[in-house]
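Everything on this sheet refers to the single structure shown next.
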Amino acid sequence: MPDDLHEQPTVAAAPLTPSPVPRRDFLMRAGALTLAIPGAGAMFAACTTQEAPDASGAAGGPAQGDAQPLGPRPGHEMTDSMGVAGTSGALPANAPAYHRYDPALPPLSRERTLRLSWRATEAPIRISEDRVVNGWTFENDIPGPIVHCRVGDTVEFTLTNEGNIPHSMDFHAAQVDPKVAFRSVVKGQSVTFRFQPKHAGAFMYHCGTAPVLMHIGSGMYGAICVSPREPLPAAKDFVLVQSEYYFGNTIDGVLQFDYQKMLGTFPDVVCFNGRPSQYIRDPIRVKVGDRVRFWVVAAGPNHGSAFHLVGEQFDRVYLGSPPQNFIQGVQTFAVPAGGGMVFECVCDVPGEFPFVNHSFGHGEKGSVGILVVEP
Ligand SMILES: [Cu+2]
């Protein structure tokens with residue numbers, strides 16, 4: 001393990017309580033969350049009657065029932081508004097561009113064999129306007145690509161390691177000898193294996209090279225969504241992979257990850273699809289009457305997701321493989337680290353519905369977004 005993994009972090013973690021930070025900072029953060037949780041607005045508004053609003057008008061947050069604008073309000077850039085820690089400082093000159101991670105489930109292939117040839121890379125990844133992280137990736141993104149196949153399809157997978165340290169691939173949707181299929185390969189080498197998913201559902205994949213905590217914590221994870229042989233009812237399908245970041249020091253504008261912090265399990269950022277609060281800035285949009293299906297994977301490396309959709313109820317949550325194994329009328333359900341579940345609702349009512357990790361310390365750190373149901 002390189003020594004720099006043990007250095008003291010230079011970036012402070014978000015405080016647990018408001019007490020160590022100025023009151024306005026706390027309220028700005030709290031006000032930011034009310035952007036996602038309209039019902040919380042009154043609570044914070046009540047706290048702020050003696051607080052002079054700042055230039056952004058952010059202190060105090062909106063009153064309950066106020067219409068909420070979408071995306072950050074003036075003065076609320078994504079990072080400082082979300083109570084998350086760490087910036088890259090001056091970004092590197094060749095900083096990669098920021099992009100929204102498309103949450104749409106890709107369509108199924110007509111082919112019954114899915115051939116995937118991916119690269120393991122070590123590359124800087126832009127996770128917000130002002131943060132570039134030292135990512136370890138599948139296919140140069142965090143998370144890696146979304147895989148979509150059917151039960152009984154053949155997935156023929158090749159991983160070629162372009163990184164400097166060994167990497168590997170572990171699909172939770174596979175039944176294979178892990179010593180053979182999930183083995184690590186060094187730079188320039190490849191590993192190929194095949195599997196036929198036996199069960200439908202939302203499954204995690206990740207690099208399984210030791211220490212797995214460091215490889216997942218650095219970005220090597222994603223979702224493989226397995227549809228049943230008989231198609232599920234037509235829906236708008238979205239994939240949300242929740243994960244955490246643990247920041248250490250910054251080298252040349254690139255945030256390093258801190259293995260000791262990962263061991264401590266106290267993250268700086270918790271987010272969906274690799275970018276804190278990205279679907280507040282740019283929501284997921286559907287129409288009234290649409291059935292919405294969220295394929296939720298909790299990649300961790302340490303924490304699950306108490307997945308909840310404010311103002312809606314899940315008609316079904318599939319704990320195991322769809323179309324069986326569902327419970328009905330669900331408000332919140334916990335997806336464990338390393339697990340995945342499928343959440344479904346029919347959007348009967350137009351509006352803006354925040355989807356949140358209802359473990360709110362983690363919601364504050366970026367695992368929030370908005371589902372817009374248009375009339
Ligand atoms: Cu790896």
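Within each chain, counting starts at residue 1; across the structure tokens, chains are named A, B, ... in the order shown, with ligands numbered 1 upward in that order.
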
Shell of 10 Å around ligand 1 (only C-alpha atoms and all ligand atoms), written as number ranges by chain: A: 120-122, 136-138, 161, 163, 165-169, 184-185, 206-221

Export of the given selection (C-alpha atoms) as a PDB file, in the first residue's frame:
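What follows is the written file again-v7.pdb:
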```
ATOM      1  CA  ALA A 120      -9.807  -1.136 -16.716  1.00  0.00           C
ATOM      2  CA  THR A 121      -8.220   2.297 -16.508  1.00  0.00           C
ATOM      3  CA  GLU A 122      -6.801   4.712 -13.980  1.00  0.00           C
ATOM      4  CA  TRP A 136      -9.965   3.725 -11.150  1.00  0.00           C
ATOM      5  CA  THR A 137     -12.588   2.862 -13.719  1.00  0.00           C
ATOM      6  CA  PHE A 138     -14.259   0.516 -16.086  1.00  0.00           C
ATOM      7  CA  ASN A 161      -6.169  -3.942 -17.943  1.00  0.00           C
ATOM      8  CA  GLY A 163      -3.944   0.471 -15.565  1.00  0.00           C
ATOM      9  CA  ILE A 165      -1.922  -2.104 -10.942  1.00  0.00           C
ATOM     10  CA  PRO A 166      -3.872  -5.369 -11.171  1.00  0.00           C
ATOM     11  CA  HIS A 167      -7.630  -5.210 -11.681  1.00  0.00           C
ATOM     12  CA  SER A 168     -10.454  -7.709 -12.196  1.00  0.00           C
ATOM     13  CA  MET A 169     -14.220  -8.028 -12.659  1.00  0.00           C
ATOM     14  CA  SER A 184      -6.842 -10.218 -11.450  1.00  0.00           C
ATOM     15  CA  VAL A 185      -4.884  -9.322 -14.537  1.00  0.00           C
ATOM     16  CA  HIS A 206     -17.111  -4.410  -9.267  1.00  0.00           C
ATOM     17  CA  CYS A 207     -13.395  -4.928  -9.359  1.00  0.00           C
ATOM     18  CA  GLY A 208     -12.561  -7.696  -6.913  1.00  0.00           C
ATOM     19  CA  THR A 209      -8.835  -7.136  -6.618  1.00  0.00           C
ATOM     20  CA  ALA A 210      -7.486  -6.746  -3.093  1.00  0.00           C
ATOM     21  CA  PRO A 211      -8.072  -4.577  -1.273  1.00  0.00           C
ATOM     22  CA  VAL A 212     -11.569  -4.608  -2.742  1.00  0.00           C
ATOM     23  CA  LEU A 213     -12.481  -1.666  -0.519  1.00  0.00           C
ATOM     24  CA  MET A 214      -9.926   0.521  -2.295  1.00  0.00           C
ATOM     25  CA  HIS A 215     -10.918  -0.603  -5.787  1.00  0.00           C
ATOM     26  CA  ILE A 216     -14.639  -0.039  -5.233  1.00  0.00           C
ATOM     27  CA  GLY A 217     -13.924   3.142  -3.282  1.00  0.00           C
ATOM     28  CA  SER A 218     -11.935   4.456  -6.244  1.00  0.00           C
ATOM     29  CA  GLY A 219     -14.750   3.920  -8.737  1.00  0.00           C
ATOM     30  CA  MET A 220     -14.627   0.366 -10.076  1.00  0.00           C
ATOM     31  CA  TYR A 221     -18.302  -0.602  -9.881  1.00  0.00           C
TER      32      TYR A 221
END
```

I need the helix (DSSP H, G or I) residues of range 138-201 of chain A per DSSP on the backbone, written as a PyMOL selection string. chain A and resi 178-181

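With only C-alpha atoms taken into account, the protein and nucleic acid residues at most 9 Å from Gln175 in chain A (excluding it and anything under 4 positions from it in its own chain) are Phe171, Phe195, Gln196, Pro197 and Lys198 of chain A.
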
I'd like the interatomic distance between CA of Val297 in chain A and CA of His358 in chain A, to a tenth of an Å. 15.3 Å

Could you list, as a list in words, every residue within 7 Å of Asp252 in chain A, counting only C-alpha atoms and ignoring same-chain residues fewer than 2 positions away? Pro92, Thr250 and Val254 of chain A

Preceding selection exported with C-alpha atoms as a short mmCIF file (atom, residue, chain, number, x, y, z; two decimals), in the first residue's frame:
```
data_model
loop_
_atom_site.label_atom_id
_atom_site.label_comp_id
_atom_site.auth_asym_id
_atom_site.auth_seq_id
_atom_site.Cartn_x
_atom_site.Cartn_y
_atom_site.Cartn_z
CA PRO A 92 -5.71 20.47 -13.75
CA THR A 250 -5.08 16.77 -3.61
CA VAL A 254 -6.85 15.86 -8.53
#
```

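Using only C-alpha atoms, the residues found no farther than 7 Å from Asn134 in chain A, other than those of its own chain fewer than 2 positions away, are Ala123, Pro124, Ile125, Val132, Trp136, Val254, Leu255 and Gln256 of chain A.
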
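Distances from A:Gly264, A:Pro106, A:Phe333, A:Thr160 to Arg183 in chain A were compared using only C-alpha atoms, and the smallest one belongs to A:Thr160.
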
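The residue that comes closest to Asn325 in chain A, out of A:Gly311, A:Pro178, A:Gly201, A:Pro267 and on the basis of only C-alpha atoms, is A:Gly201.
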
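With CA of Ser321 in chain A on one side and CA of Leu309 in chain A on the other, the separation reads 21.3 Å.
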
Counting only C-alpha atoms, what is within 10 Å of Phe360 in chain A, bar same-chain residues fewer than 5 positions away, as an MDAnalysis selection string? chainID A and resid 33 306 365:368

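Between Phe266 in chain A and the residues A:His362, A:Asn164, A:Gly320, A:Phe238, the shortest atom-to-atom distance, using only C-alpha atoms, involves A:His362.
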
One number please: CA of Val133 in chain A to CA of Gly89 in chain A, in Å, one decimal. 11.6 Å

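Proximity ranking of A:Gly188, A:Pro231, A:Gly300, A:Gly329 relative to Pro107 in chain A places A:Pro231 first, based on only C-alpha atoms.
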
Per residue of range 161-254 of chain A within 10 Å of range 274-279 of chain A, what are the shortest atom pair and its distance in Å to one decimal, counting only C-alpha atoms, with rows by chain and residue number, as a tab-separated table?
```
residue	atom	partner	partner_atom	distance
A:Gly219	CA	A:Gly274	CA	8.0
A:Tyr221	CA	A:Gly274	CA	9.9
A:Gly222	CA	A:Gly274	CA	9.7
A:Leu240	CA	A:Gly274	CA	9.5
A:Val241	CA	A:Gly274	CA	7.7
A:Gln242	CA	A:Gly274	CA	7.5
A:Ser243	CA	A:Gly274	CA	6.8
A:Glu244	CA	A:Gly274	CA	8.2
A:Tyr245	CA	A:Gly274	CA	8.8
```

Can those selected residues be exported to a file as a short mmCIF file (atom, residue, chain, number, x, y, z; two decimals), in the first residue's frame so that it contains N, CA and C atoms?
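The file below, part27.cif, is the result:
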```cif
data_model
loop_
_atom_site.label_atom_id
_atom_site.label_comp_id
_atom_site.auth_asym_id
_atom_site.auth_seq_id
_atom_site.Cartn_x
_atom_site.Cartn_y
_atom_site.Cartn_z
N GLY A 219 -13.86 3.75 -7.59
CA GLY A 219 -14.75 3.92 -8.74
C GLY A 219 -15.02 2.70 -9.58
N TYR A 221 -17.03 0.06 -10.17
CA TYR A 221 -18.30 -0.60 -9.88
C TYR A 221 -19.33 -0.15 -10.91
N GLY A 222 -20.46 -0.85 -10.90
CA GLY A 222 -21.55 -0.47 -11.79
C GLY A 222 -22.70 -1.44 -11.62
N LEU A 240 -30.00 3.57 -10.84
CA LEU A 240 -29.32 4.43 -9.86
C LEU A 240 -28.35 3.57 -9.07
N VAL A 241 -27.09 3.90 -9.18
CA VAL A 241 -26.06 3.20 -8.43
C VAL A 241 -25.56 4.15 -7.35
N GLN A 242 -25.87 3.80 -6.10
CA GLN A 242 -25.40 4.66 -5.02
C GLN A 242 -24.00 4.23 -4.58
N SER A 243 -23.18 5.23 -4.29
CA SER A 243 -21.82 4.91 -3.82
C SER A 243 -21.30 6.06 -2.99
N GLU A 244 -20.12 5.85 -2.41
CA GLU A 244 -19.49 6.84 -1.53
C GLU A 244 -18.11 7.21 -2.05
N TYR A 245 -17.69 8.45 -1.70
CA TYR A 245 -16.31 8.87 -1.92
C TYR A 245 -15.68 9.26 -0.59
#
```
